[in-house]
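Just target29.txt here, compact mmCIF, N, CA and C atoms and all ligand atoms:
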```txt
# COMPACT_ATOMS: atom_id res chain seq x y z
N MET A 39 30.27 -61.53 -17.63
CA MET A 39 29.05 -60.84 -17.23
C MET A 39 27.85 -61.79 -17.34
N ARG A 40 27.01 -61.78 -16.36
CA ARG A 40 25.84 -62.66 -16.39
C ARG A 40 24.80 -62.14 -17.36
N GLU A 41 24.07 -63.10 -17.96
CA GLU A 41 22.98 -62.74 -18.87
C GLU A 41 21.80 -62.18 -18.08
N ASN A 42 21.14 -61.22 -18.64
CA ASN A 42 19.89 -60.81 -18.02
C ASN A 42 18.74 -61.61 -18.65
N ILE A 43 17.54 -61.42 -18.19
CA ILE A 43 16.39 -62.22 -18.63
C ILE A 43 16.12 -62.07 -20.13
N THR A 44 16.27 -60.85 -20.65
CA THR A 44 16.01 -60.61 -22.07
C THR A 44 17.02 -61.35 -22.95
N GLN A 45 18.28 -61.31 -22.55
CA GLN A 45 19.33 -62.01 -23.30
C GLN A 45 19.11 -63.52 -23.24
N MET A 46 18.74 -64.01 -22.06
CA MET A 46 18.50 -65.44 -21.89
C MET A 46 17.33 -65.90 -22.75
N GLN A 47 16.25 -65.11 -22.77
CA GLN A 47 15.07 -65.45 -23.59
C GLN A 47 15.42 -65.45 -25.07
N ALA A 48 16.23 -64.49 -25.51
CA ALA A 48 16.64 -64.41 -26.91
C ALA A 48 17.47 -65.63 -27.29
N ARG A 49 18.37 -66.06 -26.39
CA ARG A 49 19.20 -67.23 -26.64
C ARG A 49 18.34 -68.49 -26.75
N HIS A 50 17.38 -68.63 -25.85
CA HIS A 50 16.50 -69.80 -25.91
C HIS A 50 15.62 -69.76 -27.15
N GLN A 51 15.15 -68.58 -27.54
CA GLN A 51 14.31 -68.47 -28.73
C GLN A 51 15.10 -68.87 -29.97
N LYS A 52 16.37 -68.50 -30.00
CA LYS A 52 17.23 -68.86 -31.13
C LYS A 52 17.39 -70.38 -31.19
N GLU A 53 17.61 -71.02 -30.06
CA GLU A 53 17.72 -72.49 -30.00
C GLU A 53 16.43 -73.14 -30.49
N ILE A 54 15.28 -72.61 -30.06
CA ILE A 54 13.98 -73.15 -30.47
C ILE A 54 13.78 -72.95 -31.97
N ASP A 55 14.13 -71.77 -32.48
CA ASP A 55 14.00 -71.49 -33.92
C ASP A 55 14.85 -72.47 -34.72
N ASP A 56 16.08 -72.73 -34.27
CA ASP A 56 16.97 -73.67 -34.96
C ASP A 56 16.38 -75.07 -34.94
N LEU A 57 15.89 -75.49 -33.78
CA LEU A 57 15.29 -76.82 -33.63
C LEU A 57 14.10 -76.97 -34.58
N GLN A 58 13.23 -75.96 -34.62
CA GLN A 58 12.03 -76.02 -35.45
C GLN A 58 12.37 -75.98 -36.93
N ALA A 59 13.44 -75.26 -37.29
CA ALA A 59 13.85 -75.15 -38.69
C ALA A 59 14.40 -76.48 -39.20
N LYS A 60 15.08 -77.24 -38.32
CA LYS A 60 15.68 -78.51 -38.72
C LYS A 60 14.72 -79.68 -38.60
N CYS A 61 13.66 -79.54 -37.82
CA CYS A 61 12.73 -80.64 -37.54
C CYS A 61 11.89 -80.96 -38.78
N LYS A 62 11.62 -82.26 -38.98
CA LYS A 62 10.79 -82.68 -40.11
C LYS A 62 9.31 -82.79 -39.70
N HIS A 63 9.01 -82.51 -38.45
CA HIS A 63 7.64 -82.52 -37.90
C HIS A 63 6.93 -83.84 -38.24
N ASN A 64 7.53 -84.93 -37.82
CA ASN A 64 6.98 -86.26 -38.13
C ASN A 64 5.83 -86.67 -37.22
N LYS A 65 5.81 -86.15 -36.00
CA LYS A 65 4.75 -86.55 -35.07
C LYS A 65 3.89 -85.33 -34.74
N ILE A 66 2.68 -85.34 -35.27
CA ILE A 66 1.80 -84.17 -35.16
C ILE A 66 0.69 -84.49 -34.16
N SER A 67 0.40 -83.53 -33.33
CA SER A 67 -0.65 -83.71 -32.32
C SER A 67 -2.04 -83.71 -32.95
N LYS A 68 -3.04 -84.07 -32.16
CA LYS A 68 -4.43 -83.87 -32.57
C LYS A 68 -4.75 -82.38 -32.42
N TRP A 69 -5.92 -82.00 -32.90
CA TRP A 69 -6.34 -80.61 -32.71
C TRP A 69 -6.40 -80.29 -31.23
N MET A 70 -5.84 -79.16 -30.87
CA MET A 70 -5.91 -78.70 -29.49
C MET A 70 -6.07 -77.18 -29.50
N ASP A 71 -6.53 -76.68 -28.39
CA ASP A 71 -6.69 -75.22 -28.32
C ASP A 71 -5.35 -74.56 -28.04
N TYR A 72 -5.01 -73.63 -28.89
CA TYR A 72 -3.79 -72.86 -28.68
C TYR A 72 -3.99 -71.90 -27.52
N MET A 73 -3.08 -71.95 -26.56
CA MET A 73 -3.19 -71.07 -25.40
C MET A 73 -2.15 -69.96 -25.57
N TRP A 74 -2.61 -68.78 -25.88
CA TRP A 74 -1.69 -67.68 -26.14
C TRP A 74 -1.21 -67.02 -24.85
N ALA A 75 -1.91 -67.28 -23.78
CA ALA A 75 -1.45 -66.86 -22.46
C ALA A 75 -2.16 -67.80 -21.48
N ILE A 76 -1.64 -67.92 -20.30
CA ILE A 76 -2.22 -68.85 -19.35
C ILE A 76 -3.69 -68.53 -19.12
N GLY A 77 -4.54 -69.52 -19.40
CA GLY A 77 -5.97 -69.35 -19.20
C GLY A 77 -6.70 -68.69 -20.36
N HIS A 78 -5.96 -68.30 -21.41
CA HIS A 78 -6.59 -67.66 -22.56
C HIS A 78 -6.46 -68.56 -23.78
N PHE A 79 -7.54 -69.26 -24.11
CA PHE A 79 -7.49 -70.18 -25.24
C PHE A 79 -7.95 -69.47 -26.50
N GLY A 80 -7.28 -69.78 -27.58
CA GLY A 80 -7.65 -69.18 -28.85
C GLY A 80 -8.20 -70.21 -29.80
N TYR A 81 -7.67 -70.27 -31.00
CA TYR A 81 -8.16 -71.12 -32.07
C TYR A 81 -7.49 -72.50 -31.99
N PRO A 82 -8.12 -73.52 -32.62
CA PRO A 82 -7.53 -74.86 -32.60
C PRO A 82 -6.27 -74.95 -33.46
N VAL A 83 -5.30 -75.68 -32.95
CA VAL A 83 -4.03 -75.86 -33.67
C VAL A 83 -3.58 -77.31 -33.59
N LYS A 84 -2.72 -77.71 -34.53
CA LYS A 84 -1.96 -78.95 -34.45
C LYS A 84 -0.51 -78.56 -34.34
N VAL A 85 0.21 -79.19 -33.40
CA VAL A 85 1.61 -78.83 -33.21
C VAL A 85 2.49 -80.07 -33.37
N CYS A 86 3.74 -79.85 -33.74
CA CYS A 86 4.72 -80.93 -33.79
C CYS A 86 5.04 -81.30 -32.34
N GLU A 87 4.95 -82.61 -32.04
CA GLU A 87 5.17 -83.03 -30.65
C GLU A 87 6.64 -83.04 -30.27
N PHE A 88 7.52 -82.92 -31.27
CA PHE A 88 8.95 -82.90 -30.95
C PHE A 88 9.45 -81.47 -30.70
N CYS A 89 9.10 -80.56 -31.59
CA CYS A 89 9.67 -79.21 -31.49
C CYS A 89 8.66 -78.14 -31.08
N GLY A 90 7.39 -78.51 -31.06
CA GLY A 90 6.39 -77.56 -30.59
C GLY A 90 5.90 -76.55 -31.62
N LYS A 91 6.35 -76.67 -32.87
CA LYS A 91 5.93 -75.71 -33.87
C LYS A 91 4.47 -75.94 -34.27
N ILE A 92 3.73 -74.88 -34.45
CA ILE A 92 2.36 -74.98 -34.94
C ILE A 92 2.42 -75.29 -36.43
N VAL A 93 1.86 -76.46 -36.81
CA VAL A 93 1.92 -76.85 -38.21
C VAL A 93 0.58 -76.67 -38.93
N LYS A 94 -0.49 -76.59 -38.19
CA LYS A 94 -1.80 -76.33 -38.77
C LYS A 94 -2.62 -75.52 -37.79
N GLN A 95 -3.44 -74.64 -38.31
CA GLN A 95 -4.33 -73.91 -37.41
C GLN A 95 -5.62 -73.59 -38.13
N LYS A 96 -6.68 -73.58 -37.34
CA LYS A 96 -7.97 -73.14 -37.88
C LYS A 96 -8.08 -71.67 -37.61
N LYS A 97 -8.38 -70.95 -38.66
CA LYS A 97 -8.45 -69.50 -38.50
C LYS A 97 -9.56 -69.12 -37.55
N PRO A 98 -9.26 -68.20 -36.68
CA PRO A 98 -10.31 -67.79 -35.74
C PRO A 98 -11.43 -67.06 -36.46
N THR A 99 -12.63 -67.41 -36.11
CA THR A 99 -13.77 -66.68 -36.64
C THR A 99 -14.57 -66.16 -35.46
N MET A 100 -15.19 -65.08 -35.65
CA MET A 100 -16.01 -64.52 -34.57
C MET A 100 -17.44 -64.49 -35.06
N GLU A 101 -18.33 -64.86 -34.19
CA GLU A 101 -19.74 -64.78 -34.52
C GLU A 101 -20.38 -63.69 -33.68
N ALA A 102 -21.31 -63.04 -34.27
CA ALA A 102 -22.00 -61.99 -33.55
C ALA A 102 -23.43 -61.93 -34.03
N TYR A 103 -24.27 -61.34 -33.24
CA TYR A 103 -25.66 -61.15 -33.63
C TYR A 103 -25.89 -59.70 -33.97
N GLU A 104 -26.67 -59.52 -35.00
CA GLU A 104 -27.04 -58.18 -35.41
C GLU A 104 -28.56 -58.15 -35.41
N ILE A 105 -29.10 -57.09 -34.89
CA ILE A 105 -30.56 -56.96 -34.90
C ILE A 105 -30.96 -56.17 -36.14
N LYS A 106 -31.78 -56.82 -36.96
CA LYS A 106 -32.26 -56.14 -38.16
C LYS A 106 -33.76 -56.37 -38.27
N ASP A 107 -34.49 -55.31 -38.39
CA ASP A 107 -35.94 -55.37 -38.44
C ASP A 107 -36.52 -56.18 -37.28
N GLY A 108 -35.91 -56.02 -36.11
CA GLY A 108 -36.39 -56.69 -34.92
C GLY A 108 -36.03 -58.16 -34.83
N LYS A 109 -35.25 -58.67 -35.78
CA LYS A 109 -34.85 -60.08 -35.75
C LYS A 109 -33.34 -60.19 -35.53
N GLU A 110 -32.98 -61.24 -34.80
CA GLU A 110 -31.55 -61.49 -34.59
C GLU A 110 -31.00 -62.24 -35.79
N ILE A 111 -29.94 -61.73 -36.36
CA ILE A 111 -29.30 -62.38 -37.50
C ILE A 111 -27.86 -62.72 -37.10
N LEU A 112 -27.48 -63.99 -37.32
CA LEU A 112 -26.12 -64.40 -37.01
C LEU A 112 -25.19 -63.93 -38.11
N ILE A 113 -24.16 -63.22 -37.72
CA ILE A 113 -23.17 -62.78 -38.71
C ILE A 113 -21.79 -63.28 -38.28
N LYS A 114 -20.96 -63.51 -39.25
CA LYS A 114 -19.59 -63.93 -38.95
C LYS A 114 -18.64 -62.82 -39.32
N ILE A 115 -17.73 -62.54 -38.43
CA ILE A 115 -16.74 -61.49 -38.65
C ILE A 115 -15.41 -62.19 -38.96
N LYS A 116 -14.80 -61.85 -40.07
CA LYS A 116 -13.52 -62.49 -40.41
C LYS A 116 -12.36 -61.61 -40.01
ZN ZN B 1 8.84 -80.44 -35.40
```

For this file, write the structure as structure tokens.
Amino acid sequence: MRENITQMQARHQKEIDDLQAKCKHNKISKWMDYMWAIGHFGYPVKVCEFCGKIVKQKKPTMEAYEIKDGKEILIKIK
């Protein structure tokens, strides 16, 4: 019986998980923007150039302005 797309993706994910588990992550990239979907960039990450595992990431922070007493105040949302 032929594999369907879900089975094929699960098999490839297992291969990637095994590769990343055995990798010593010797060659690490510079900081780059993690793209969680095409065209959607998130927080900066460093990845292993051999297996693709994210080895470091900067936590995303959000900044927003709040108006208080008629003044704009920069606030950070964690
Ligand atoms: Zn690696």

For a quick check of your reading of the model, name the residues lying within 6 Å of the coordinate (-23.9, -63.9, -38.6), counting only C-alpha atoms, and write them as a PyMOL selection string.
chain A and resi 101-103+111-114

Would you tabulate, counting only N, CA and C atoms and all ligand atoms, all residues of chain A that have an atom at most 8 Å from an atom of ligand ZN 1 (chain B), showing the closest pair of atoms and their distance in Å to one decimal, sorted by chain then ascending number, as CSV?
```
residue,atom,partner,partner_atom,distance
A:Leu57,C,B:ZN1,ZN,6.4
A:Gln58,CA,B:ZN1,ZN,5.5
A:Ala59,N,B:ZN1,ZN,7.2
A:Lys60,C,B:ZN1,ZN,6.7
A:Cys61,CA,B:ZN1,ZN,4.4
A:Lys62,N,B:ZN1,ZN,4.9
A:His63,CA,B:ZN1,ZN,3.5
A:Asn64,N,B:ZN1,ZN,5.3
A:Lys65,N,B:ZN1,ZN,6.5
A:Ile66,N,B:ZN1,ZN,7.9
A:Val85,C,B:ZN1,ZN,6.7
A:Cys86,CA,B:ZN1,ZN,4.5
A:Glu87,N,B:ZN1,ZN,5.6
A:Phe88,C,B:ZN1,ZN,4.9
A:Cys89,N,B:ZN1,ZN,3.8
A:Gly90,N,B:ZN1,ZN,5.0
A:Lys91,N,B:ZN1,ZN,5.2
A:Ile92,N,B:ZN1,ZN,7.6
```

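Note that DSSP on the backbone gives helix (DSSP H, G or I) to these residues of chain A: Ile43, Thr44, Gln45, Met46, Gln47, Ala48, Arg49, His50, Gln51, Lys52, Glu53, Ile54, Asp55, Asp56, Leu57, Gln58, Ala59 and Lys60 of chain A.
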
Next, write the just-selected residues to a file, as a compact mmCIF listing (two decimals), in the coordinates of the input, keeping N, CA and C atoms as the atom set.
```txt
# COMPACT_ATOMS: atom_id res chain seq x y z
N ILE A 43 17.54 -61.42 -18.19
CA ILE A 43 16.39 -62.22 -18.63
C ILE A 43 16.12 -62.07 -20.13
N THR A 44 16.27 -60.85 -20.65
CA THR A 44 16.01 -60.61 -22.07
C THR A 44 17.02 -61.35 -22.95
N GLN A 45 18.28 -61.31 -22.55
CA GLN A 45 19.33 -62.01 -23.30
C GLN A 45 19.11 -63.52 -23.24
N MET A 46 18.74 -64.01 -22.06
CA MET A 46 18.50 -65.44 -21.89
C MET A 46 17.33 -65.90 -22.75
N GLN A 47 16.25 -65.11 -22.77
CA GLN A 47 15.07 -65.45 -23.59
C GLN A 47 15.42 -65.45 -25.07
N ALA A 48 16.23 -64.49 -25.51
CA ALA A 48 16.64 -64.41 -26.91
C ALA A 48 17.47 -65.63 -27.29
N ARG A 49 18.37 -66.06 -26.39
CA ARG A 49 19.20 -67.23 -26.64
C ARG A 49 18.34 -68.49 -26.75
N HIS A 50 17.38 -68.63 -25.85
CA HIS A 50 16.50 -69.80 -25.91
C HIS A 50 15.62 -69.76 -27.15
N GLN A 51 15.15 -68.58 -27.54
CA GLN A 51 14.31 -68.47 -28.73
C GLN A 51 15.10 -68.87 -29.97
N LYS A 52 16.37 -68.50 -30.00
CA LYS A 52 17.23 -68.86 -31.13
C LYS A 52 17.39 -70.38 -31.19
N GLU A 53 17.61 -71.02 -30.06
CA GLU A 53 17.72 -72.49 -30.00
C GLU A 53 16.43 -73.14 -30.49
N ILE A 54 15.28 -72.61 -30.06
CA ILE A 54 13.98 -73.15 -30.47
C ILE A 54 13.78 -72.95 -31.97
N ASP A 55 14.13 -71.77 -32.48
CA ASP A 55 14.00 -71.49 -33.92
C ASP A 55 14.85 -72.47 -34.72
N ASP A 56 16.08 -72.73 -34.27
CA ASP A 56 16.97 -73.67 -34.96
C ASP A 56 16.38 -75.07 -34.94
N LEU A 57 15.89 -75.49 -33.78
CA LEU A 57 15.29 -76.82 -33.63
C LEU A 57 14.10 -76.97 -34.58
N GLN A 58 13.23 -75.96 -34.62
CA GLN A 58 12.03 -76.02 -35.45
C GLN A 58 12.37 -75.98 -36.93
N ALA A 59 13.44 -75.26 -37.29
CA ALA A 59 13.85 -75.15 -38.69
C ALA A 59 14.40 -76.48 -39.20
N LYS A 60 15.08 -77.24 -38.32
CA LYS A 60 15.68 -78.51 -38.72
C LYS A 60 14.72 -79.68 -38.60
```

Mind checking which residues fall within 8 Å of A:Val83, counting all atoms listed in the file, ignoring those fewer than 6 positions away in the same chain, and posting them as a PyMOL selection string?
chain A and resi 67-73+92-96

Distance atom N of A:Asp56-atom C of A:Lys97, one decimal place?
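Between atom N of A:Asp56 and atom C of A:Lys97 the gap is 26.1 Å.
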